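For reference, work-v1.csv (CSV, C-alpha atoms):
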chain,number,residue,atom,x,y,z
A,1,MET,CA,0.0,0.0,0.0
A,2,ASP,CA,2.9,2.4,0.7
A,3,SER,CA,3.7,2.8,-3.0
A,4,HIS,CA,0.1,3.6,-4.0
A,5,ILE,CA,-0.5,5.9,-1.1
A,6,ALA,CA,2.7,7.7,-2.3
A,7,ALA,CA,1.3,8.0,-5.8
A,8,VAL,CA,-2.0,9.3,-4.6
A,9,MET,CA,-0.3,11.9,-2.4
A,10,ARG,CA,1.8,13.0,-5.4
A,11,MET,CA,-1.5,13.6,-7.2
A,12,GLY,CA,-2.6,16.1,-4.5
A,13,ILE,CA,-4.4,14.1,-1.8
A,14,ASP,CA,-3.3,15.1,1.7
A,15,GLU,CA,-3.1,13.2,5.0
A,16,LYS,CA,-6.8,13.8,5.7
A,17,GLY,CA,-7.7,12.4,2.3
A,18,ILE,CA,-5.5,9.3,2.8
A,19,THR,CA,-7.1,8.7,6.2
A,20,GLU,CA,-10.5,8.9,4.6
A,21,LEU,CA,-9.5,6.5,1.8
A,22,ILE,CA,-8.3,3.9,4.3
A,23,GLY,CA,-11.4,4.6,6.4
A,24,LEU,CA,-13.6,4.0,3.3
A,25,ALA,CA,-11.9,0.7,2.7
A,26,ASP,CA,-12.4,-0.3,6.4
A,27,HIS,CA,-16.1,0.8,6.2
A,28,VAL,CA,-16.9,-1.1,3.0
A,29,SER,CA,-15.0,-4.2,4.2
A,30,GLY,CA,-17.0,-4.3,7.3
A,31,MET,CA,-20.3,-4.0,5.4
A,32,ASN,CA,-19.1,-6.7,3.0
A,33,LYS,CA,-18.7,-9.1,5.8
A,34,VAL,CA,-22.0,-8.3,7.4
A,35,ALA,CA,-23.9,-8.6,4.1
A,36,PHE,CA,-22.2,-12.0,3.6
A,37,GLY,CA,-23.0,-13.0,7.2
A,38,LEU,CA,-26.6,-12.0,7.0
A,39,LEU,CA,-26.9,-13.9,3.7
A,40,LEU,CA,-28.3,-10.9,1.9
A,41,ASP,CA,-27.2,-12.3,-1.4
A,42,GLU,CA,-29.6,-15.1,-1.0
A,43,GLU,CA,-32.4,-12.7,-2.0
A,44,ASP,CA,-31.4,-13.3,-5.5
A,45,GLY,CA,-31.7,-17.1,-5.2
A,46,ASP,CA,-33.7,-19.6,-3.3
A,47,GLY,CA,-32.8,-18.8,0.2
A,48,ALA,CA,-33.8,-16.0,2.6
A,49,PRO,CA,-31.7,-13.5,4.7
A,50,LEU,CA,-30.5,-15.0,7.9
A,51,LEU,CA,-32.6,-12.7,10.1
A,52,PRO,CA,-36.1,-11.5,9.2
A,53,TYR,CA,-36.5,-7.9,8.4
A,54,PRO,CA,-38.2,-6.0,11.3
A,55,GLU,CA,-41.9,-5.6,11.2
A,56,GLU,CA,-43.2,-2.0,11.2
A,57,SER,CA,-44.2,-2.4,14.9
A,58,GLU,CA,-40.6,-3.4,15.8
A,59,ILE,CA,-39.1,-0.3,14.4
A,60,GLU,CA,-38.5,2.6,16.8
A,61,PRO,CA,-39.8,6.1,15.7
A,62,SER,CA,-36.3,7.5,15.6
A,63,VAL,CA,-35.2,4.7,13.3
A,64,ARG,CA,-38.3,5.1,11.1
A,65,GLU,CA,-37.3,8.7,10.6
A,66,MET,CA,-33.8,7.7,9.7
A,67,LEU,CA,-35.1,5.0,7.3
A,68,SER,CA,-36.9,7.8,5.4
A,69,GLU,CA,-33.6,9.5,5.0
A,70,VAL,CA,-32.0,6.2,3.9
A,71,GLU,CA,-34.7,5.7,1.3
A,72,GLU,CA,-34.2,9.2,-0.1
A,73,MET,CA,-30.4,9.1,-0.2
A,74,GLU,CA,-30.1,5.5,-1.4
A,75,SER,CA,-32.7,5.9,-4.1
A,76,ALA,CA,-30.8,8.9,-5.5
A,77,ARG,CA,-27.5,7.0,-5.2
A,78,LEU,CA,-28.7,3.7,-6.8
A,79,GLY,CA,-31.3,5.0,-9.2
A,80,ARG,CA,-34.0,2.7,-7.8
A,81,PRO,CA,-36.7,3.2,-5.2
A,82,GLY,CA,-36.9,1.6,-1.7
A,83,VAL,CA,-34.7,1.0,1.3
A,84,PRO,CA,-31.9,-1.4,0.4
A,85,ALA,CA,-32.0,-4.8,2.2
A,86,TYR,CA,-28.8,-4.0,4.0
A,87,TRP,CA,-30.3,-1.1,5.9
A,88,ARG,CA,-33.6,-2.9,6.5
A,89,SER,CA,-31.6,-5.7,8.1
A,90,LEU,CA,-29.8,-3.4,10.5
A,91,ALA,CA,-32.9,-1.4,11.5
A,92,ARG,CA,-33.9,-3.5,14.5
A,93,ASN,CA,-30.9,-2.2,16.4
A,94,ARG,CA,-31.1,1.5,16.5
A,95,HIS,CA,-27.6,2.1,17.9
A,96,TYR,CA,-25.8,-0.1,15.3
A,97,PHE,CA,-28.0,1.1,12.5
A,98,GLY,CA,-27.8,4.8,13.3
A,99,SER,CA,-24.0,4.8,13.8
A,100,THR,CA,-23.4,2.8,10.6
A,101,TRP,CA,-25.6,4.9,8.5
A,102,LYS,CA,-23.9,8.1,9.8
A,103,LYS,CA,-20.5,6.6,9.0
A,104,HIS,CA,-21.8,5.5,5.6
A,105,ARG,CA,-22.9,9.1,4.7
A,106,LEU,CA,-19.6,10.5,5.8
A,107,MET,CA,-17.5,7.9,4.0
A,108,LEU,CA,-19.4,7.9,0.8
A,109,ASP,CA,-21.0,11.4,0.5
A,110,GLY,CA,-19.1,13.7,2.9
A,111,GLY,CA,-15.5,14.3,3.7
A,112,VAL,CA,-12.8,15.5,1.2
A,113,LEU,CA,-12.6,12.8,-1.5
A,114,ASP,CA,-14.6,12.8,-4.7
A,115,PRO,CA,-17.9,10.7,-4.3
A,116,GLU,CA,-17.3,9.2,-7.8
A,117,ALA,CA,-13.9,7.9,-6.8
A,118,LYS,CA,-15.4,6.6,-3.5
A,119,ALA,CA,-18.0,4.5,-5.4
A,120,ALA,CA,-15.2,3.0,-7.6
A,121,VAL,CA,-13.2,2.2,-4.4
A,122,GLY,CA,-16.3,0.6,-2.9
A,123,LEU,CA,-16.6,-1.6,-6.0
A,124,GLY,CA,-12.9,-2.5,-5.8
A,125,VAL,CA,-13.0,-3.4,-2.1
A,126,SER,CA,-16.2,-5.4,-2.5
A,127,ALA,CA,-14.8,-7.3,-5.5
A,128,THR,CA,-11.6,-8.1,-3.5
A,129,ASN,CA,-13.7,-9.3,-0.6
A,130,GLY,CA,-16.1,-11.3,-2.9
A,131,SER,CA,-19.2,-9.5,-1.6
A,132,ARG,CA,-21.9,-10.1,-4.2
A,133,TYR,CA,-24.3,-7.8,-2.4
A,134,PHE,CA,-22.0,-4.8,-2.4
A,135,ILE,CA,-20.6,-5.5,-5.8
A,136,ARG,CA,-24.2,-5.0,-7.0
A,137,TYR,CA,-24.6,-2.0,-4.8
A,138,PHE,CA,-21.6,-0.1,-6.0
A,139,HIS,CA,-22.1,-1.2,-9.6
A,140,ALA,CA,-25.6,0.3,-9.4
A,141,ALA,CA,-24.1,3.5,-7.9
A,142,LEU,CA,-21.6,3.8,-10.8
A,143,VAL,CA,-24.2,3.0,-13.5
A,144,ASN,CA,-26.4,5.7,-12.0
A,145,ILE,CA,-23.8,8.3,-12.5
A,146,GLY,CA,-23.2,7.3,-16.1
A,147,TRP,CA,-20.4,4.7,-16.0
A,148,GLU,CA,-20.6,2.4,-19.0
A,149,PRO,CA,-19.6,-1.3,-18.7
A,150,GLY,CA,-16.2,-0.6,-20.3
A,151,ARG,CA,-15.3,1.9,-17.7
A,152,ILE,CA,-16.5,-0.4,-14.9
A,153,LEU,CA,-14.4,-3.2,-16.3
A,154,GLU,CA,-11.4,-0.9,-15.9
A,155,ILE,CA,-11.9,-1.1,-12.2
A,156,PHE,CA,-11.8,-4.9,-12.3
A,157,GLY,CA,-8.6,-4.6,-14.3
A,158,VAL,CA,-7.0,-2.6,-11.5
A,159,VAL,CA,-8.4,-5.0,-8.8
A,160,ASP,CA,-7.0,-8.0,-10.8
A,161,HIS,CA,-3.6,-6.4,-11.4
A,162,TYR,CA,-3.1,-5.3,-7.8
A,163,ASN,CA,-4.3,-8.5,-6.2
A,164,SER,CA,-1.7,-10.1,-8.4
A,165,PHE,CA,1.1,-7.7,-7.4
A,166,ASN,CA,0.1,-7.9,-3.7
A,167,THR,CA,0.5,-11.6,-3.9
A,168,LEU,CA,3.9,-11.2,-5.6
A,169,ALA,CA,5.1,-8.6,-3.1
A,170,THR,CA,4.0,-10.7,-0.1
A,171,GLY,CA,5.2,-14.0,-1.5
A,172,MET,CA,8.6,-12.6,-2.3
A,173,GLN,CA,8.6,-10.6,1.0
A,174,ILE,CA,9.6,-7.5,-0.9
A,175,GLU,CA,10.6,-4.6,1.4
A,176,SER,CA,8.7,-1.4,0.9
A,177,ASP,CA,11.0,1.1,-0.8
A,178,ILE,CA,8.5,3.7,-1.9
A,179,LYS,CA,7.2,5.6,1.1
A,180,PRO,CA,4.5,8.3,1.1
B,1,MET,CA,14.4,-9.8,4.2
B,2,PRO,CA,13.1,-10.8,0.7
B,3,THR,CA,12.4,-14.5,0.1
B,4,ILE,CA,15.1,-14.6,-2.5
B,5,ARG,CA,17.9,-12.1,-3.1
B,6,LEU,CA,17.0,-9.2,-5.5
B,7,PRO,CA,19.3,-8.7,-8.5
B,8,ASN,CA,21.5,-5.6,-8.4
B,9,ASP,CA,21.7,-3.4,-11.5
B,10,ASP,CA,24.6,-5.5,-12.9
B,11,GLU,CA,22.8,-8.7,-12.4
B,12,VAL,CA,19.6,-7.8,-14.3
B,13,PRO,CA,19.5,-10.3,-17.3
B,14,GLU,CA,20.1,-8.8,-20.7
B,15,ALA,CA,16.5,-9.6,-21.8
B,16,ALA,CA,15.1,-7.3,-19.1
B,17,ARG,CA,17.4,-4.3,-19.5
B,18,GLU,CA,15.5,-2.4,-22.1
B,19,LEU,CA,12.3,-2.9,-20.1
B,20,VAL,CA,14.0,-1.8,-16.9
B,21,LYS,CA,14.7,1.6,-18.6
B,22,ARG,CA,11.1,2.0,-19.5
B,23,ILE,CA,9.9,1.1,-16.1
B,24,LYS,CA,12.3,3.5,-14.5
B,25,THR,CA,11.0,6.4,-16.6
B,26,ARG,CA,7.4,5.5,-15.6
B,27,GLU,CA,8.4,5.2,-11.9
B,28,LYS,CA,10.2,8.5,-12.0
B,29,ARG,CA,7.0,10.2,-13.1
B,30,VAL,CA,4.6,8.4,-10.8
B,31,PHE,CA,6.7,8.2,-7.6
B,32,GLY,CA,9.6,10.6,-8.2
B,33,ILE,CA,12.2,7.9,-7.6
B,34,ASP,CA,15.5,7.4,-9.6
B,35,THR,CA,16.1,3.7,-9.0
B,36,LEU,CA,14.2,0.7,-10.1
B,37,SER,CA,11.6,-0.2,-7.3
B,38,ASN,CA,12.0,-3.4,-5.4
B,39,VAL,CA,8.9,-5.0,-6.8
B,40,TRP,CA,10.1,-4.7,-10.4
B,41,ARG,CA,13.6,-5.6,-9.4
B,42,ALA,CA,12.4,-8.9,-8.0
B,43,MET,CA,10.6,-9.6,-11.3
B,44,ALA,CA,13.8,-9.0,-13.2
B,45,HIS,CA,15.0,-12.5,-12.3
B,46,HIS,CA,12.4,-13.7,-14.9
B,47,PRO,CA,12.3,-11.3,-17.9
B,48,GLU,CA,9.3,-13.0,-19.6
B,49,TYR,CA,7.2,-12.8,-16.4
B,50,MET,CA,8.3,-9.2,-16.0
B,51,HIS,CA,7.2,-8.4,-19.6
B,52,ALA,CA,3.8,-10.0,-19.0
B,53,ASN,CA,3.2,-7.9,-15.9
B,54,TRP,CA,4.4,-4.7,-17.5
B,55,GLU,CA,1.9,-5.2,-20.3
B,56,ARG,CA,-0.8,-5.7,-17.8
B,57,SER,CA,0.4,-2.7,-15.7
B,58,ARG,CA,0.2,-0.5,-18.8
B,59,ALA,CA,-3.1,-1.9,-19.9
B,60,THR,CA,-4.8,-1.5,-16.5
B,61,MET,CA,-3.2,1.7,-15.2
B,62,GLN,CA,-2.2,3.7,-18.3
B,63,ARG,CA,-5.0,3.0,-20.7
B,64,GLY,CA,-8.8,3.7,-20.6
B,65,ASP,CA,-11.1,6.4,-19.4
B,66,VAL,CA,-11.0,6.2,-15.7
B,67,PRO,CA,-8.8,9.0,-14.3
B,68,PRO,CA,-5.4,7.9,-12.9
B,69,LEU,CA,-6.2,9.2,-9.4
B,70,ILE,CA,-9.3,7.0,-9.1
B,71,LYS,CA,-7.2,4.0,-10.3
B,72,GLU,CA,-4.5,4.7,-7.7
B,73,MET,CA,-7.1,5.0,-5.0
B,74,VAL,CA,-8.6,1.7,-6.0
B,75,ALA,CA,-5.1,0.1,-6.1
B,76,SER,CA,-4.5,1.6,-2.6
B,77,SER,CA,-7.6,0.1,-1.1
B,78,VAL,CA,-7.0,-3.3,-2.7
B,79,SER,CA,-3.6,-3.3,-1.1
B,80,VAL,CA,-5.1,-2.2,2.3
B,81,MET,CA,-7.5,-5.1,2.0
B,82,ASN,CA,-4.7,-7.6,1.3
B,83,ALA,CA,-2.6,-6.1,4.1
B,84,CYS,CA,0.2,-5.7,1.6
B,85,GLU,CA,2.7,-3.2,3.0
B,86,TYR,CA,4.5,-2.7,-0.3

Reformat the file's structure so that it appears as structure tokens.
Amino acid sequence: MDSHIAAVMRMGIDEKGITELIGLADHVSGMNKVAFGLLLDEEDGDGAPLLPYPEESEIEPSVREMLSEVEEMESARLGRPGVPAYWRSLARNRHYFGSTWKKHRLMLDGGVLDPEAKAAVGLGVSATNGSRYFIRYFHAALVNIGWEPGRILEIFGVVDHYNSFNTLATGMQIESDIKP
Amino acid sequence: MPTIRLPNDDEVPEAARELVKRIKTREKRVFGIDTLSNVWRAMAHHPEYMHANWERSRATMQRGDVPPLIKEMVASSVSVMNACEY
């Protein structure tokens, strides 16, 4: 990572931006694992999510209010109506849901980095982690801002090439010589 | 310590020398360094493998419509996910 962080900083991203970039990777990676654990991909197949979505009566008023915001923001991001399954799944725990949604807004829509770049990073991290749910999520976000299939495939090319180089660098225990 | 010793400049096989020059030009521009980076130096043991990876590096990082900054940010996050210090 040292060499790429060095390259990103030479392109004008400062320490706050780098912290945000690594924070985005941490955020997306956590969501990848939860979506996998909750079996949210099963929605596309024969199975059902691990936990049932909360009934209306099980949702606290403060959460209901936040779900309206989720619906508005995520519809705009993904170009399709409704509350994504991920957020519906979390909604029975107001503390976990609320803090994760706030972090999501900061990591994807706020902060200092370009939201378009963030969606591409989200796709790259999700592909690296094999998260079907979030591959679809970030793919939808990129399509919604006009990315064509050829452009999206370029992200997979970068993911492929650097998974390959990471394996080489780790396997040969190559010492980091390009520092930020 | 590397798994195997990295070749010094004099030990780079003849078949890799022209490519080393091109890679150094690229690395000077991207990283501001004057010497061949360790990851490419390691590959120089095997010029055919080095060539194959250089072609892929050019294809994925230097071609296409996605801005270089976005590509480097994706590469950074992939490396973070793989806990690859390099």

Check your understanding: So which residues touch range 68-85 of chain B within 7 Å, counting only C-alpha atoms, skipping near sequence neighbours fewer than 5 positions away, as a list in words?
Key -> Met1, Asp2, His4, Ile5, Ala7, Val8, Met11, Ile22, Ala25, Ala117, Ala120, Val121, Gly124, Val125, Thr128, Val158, Val159, Tyr162, Asn163, Asn166, Thr170 and Ser176 of chain A; Met61 of chain B

Check your understanding: Nearest to chain A: which of B:Val12, B:Met50, B:Ala44, B:Ile33 is it, counting only C-alpha atoms?
Key -> B:Ile33

Practice item. Could you give me, as a count of residues only, the residues within 9 Å of Ser37 in chain B, counting all atoms listed in the file and dropping anything in the same chain fewer than 4 positions from it? Key: 8

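One finds CA of Gly30 in chain A at 23.4 Å from CA of Ser68 in chain A.
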
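Compared by their closest atoms to Asp114 in chain A, and using only C-alpha atoms, the residues A:Leu21, A:Met9, A:Tyr133, A:Asp41 rank with A:Leu21 nearest.
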
Practice item. Would you mind telling me which residue in A:Tyr86, A:Val28, A:Glu58, A:Val112 lies nearest to chain B when using only C-alpha atoms? Key: A:Val28

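With only C-alpha atoms as the basis for measurement, B:Val66 is the residue among B:Ile23, B:Leu36, B:Ala52, B:Val66 that approaches chain A most closely.
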
Exercise for review: Just the residues within 10 Å of Ala85 in chain A, please, counting all atoms listed in the file, with nothing from its chain fewer than 6 positions along; format it as a list of chain:residue names.
Suggested key: A:Ala35, A:Leu40, A:Asp41, A:Glu43, A:Pro49, A:Tyr53, A:Ala91, A:Tyr133

**Study point:** Exercise: Lys33 in chain A partners within 8 Å, only C-alpha atoms, chain neighbours under 4 positions left out, as a list in words
**Key:** Ser29, Gly37 and Ser131 of chain A

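The interatomic distance for the pair CA of Arg58 in chain B and CA of Glu14 in chain B works out to 21.6 Å.
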
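Between CA of Leu67 in chain A and CA of Lys103 in chain A there is a distance of 14.8 Å.
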
Exercise for review: List the neighbours of range 70-83 of chain A out to 7 Å using all atoms listed in the file; skip same-chain residues closer than 5 positions along the sequence, and give me the result as a ChimeraX atom specification.
Suggested key: /A:88,140-141,144

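Proximity of B:Arg17, B:Arg22, B:Arg29, B:His51 to chain A, computed with all atoms listed in the file, is greatest for B:Arg29.
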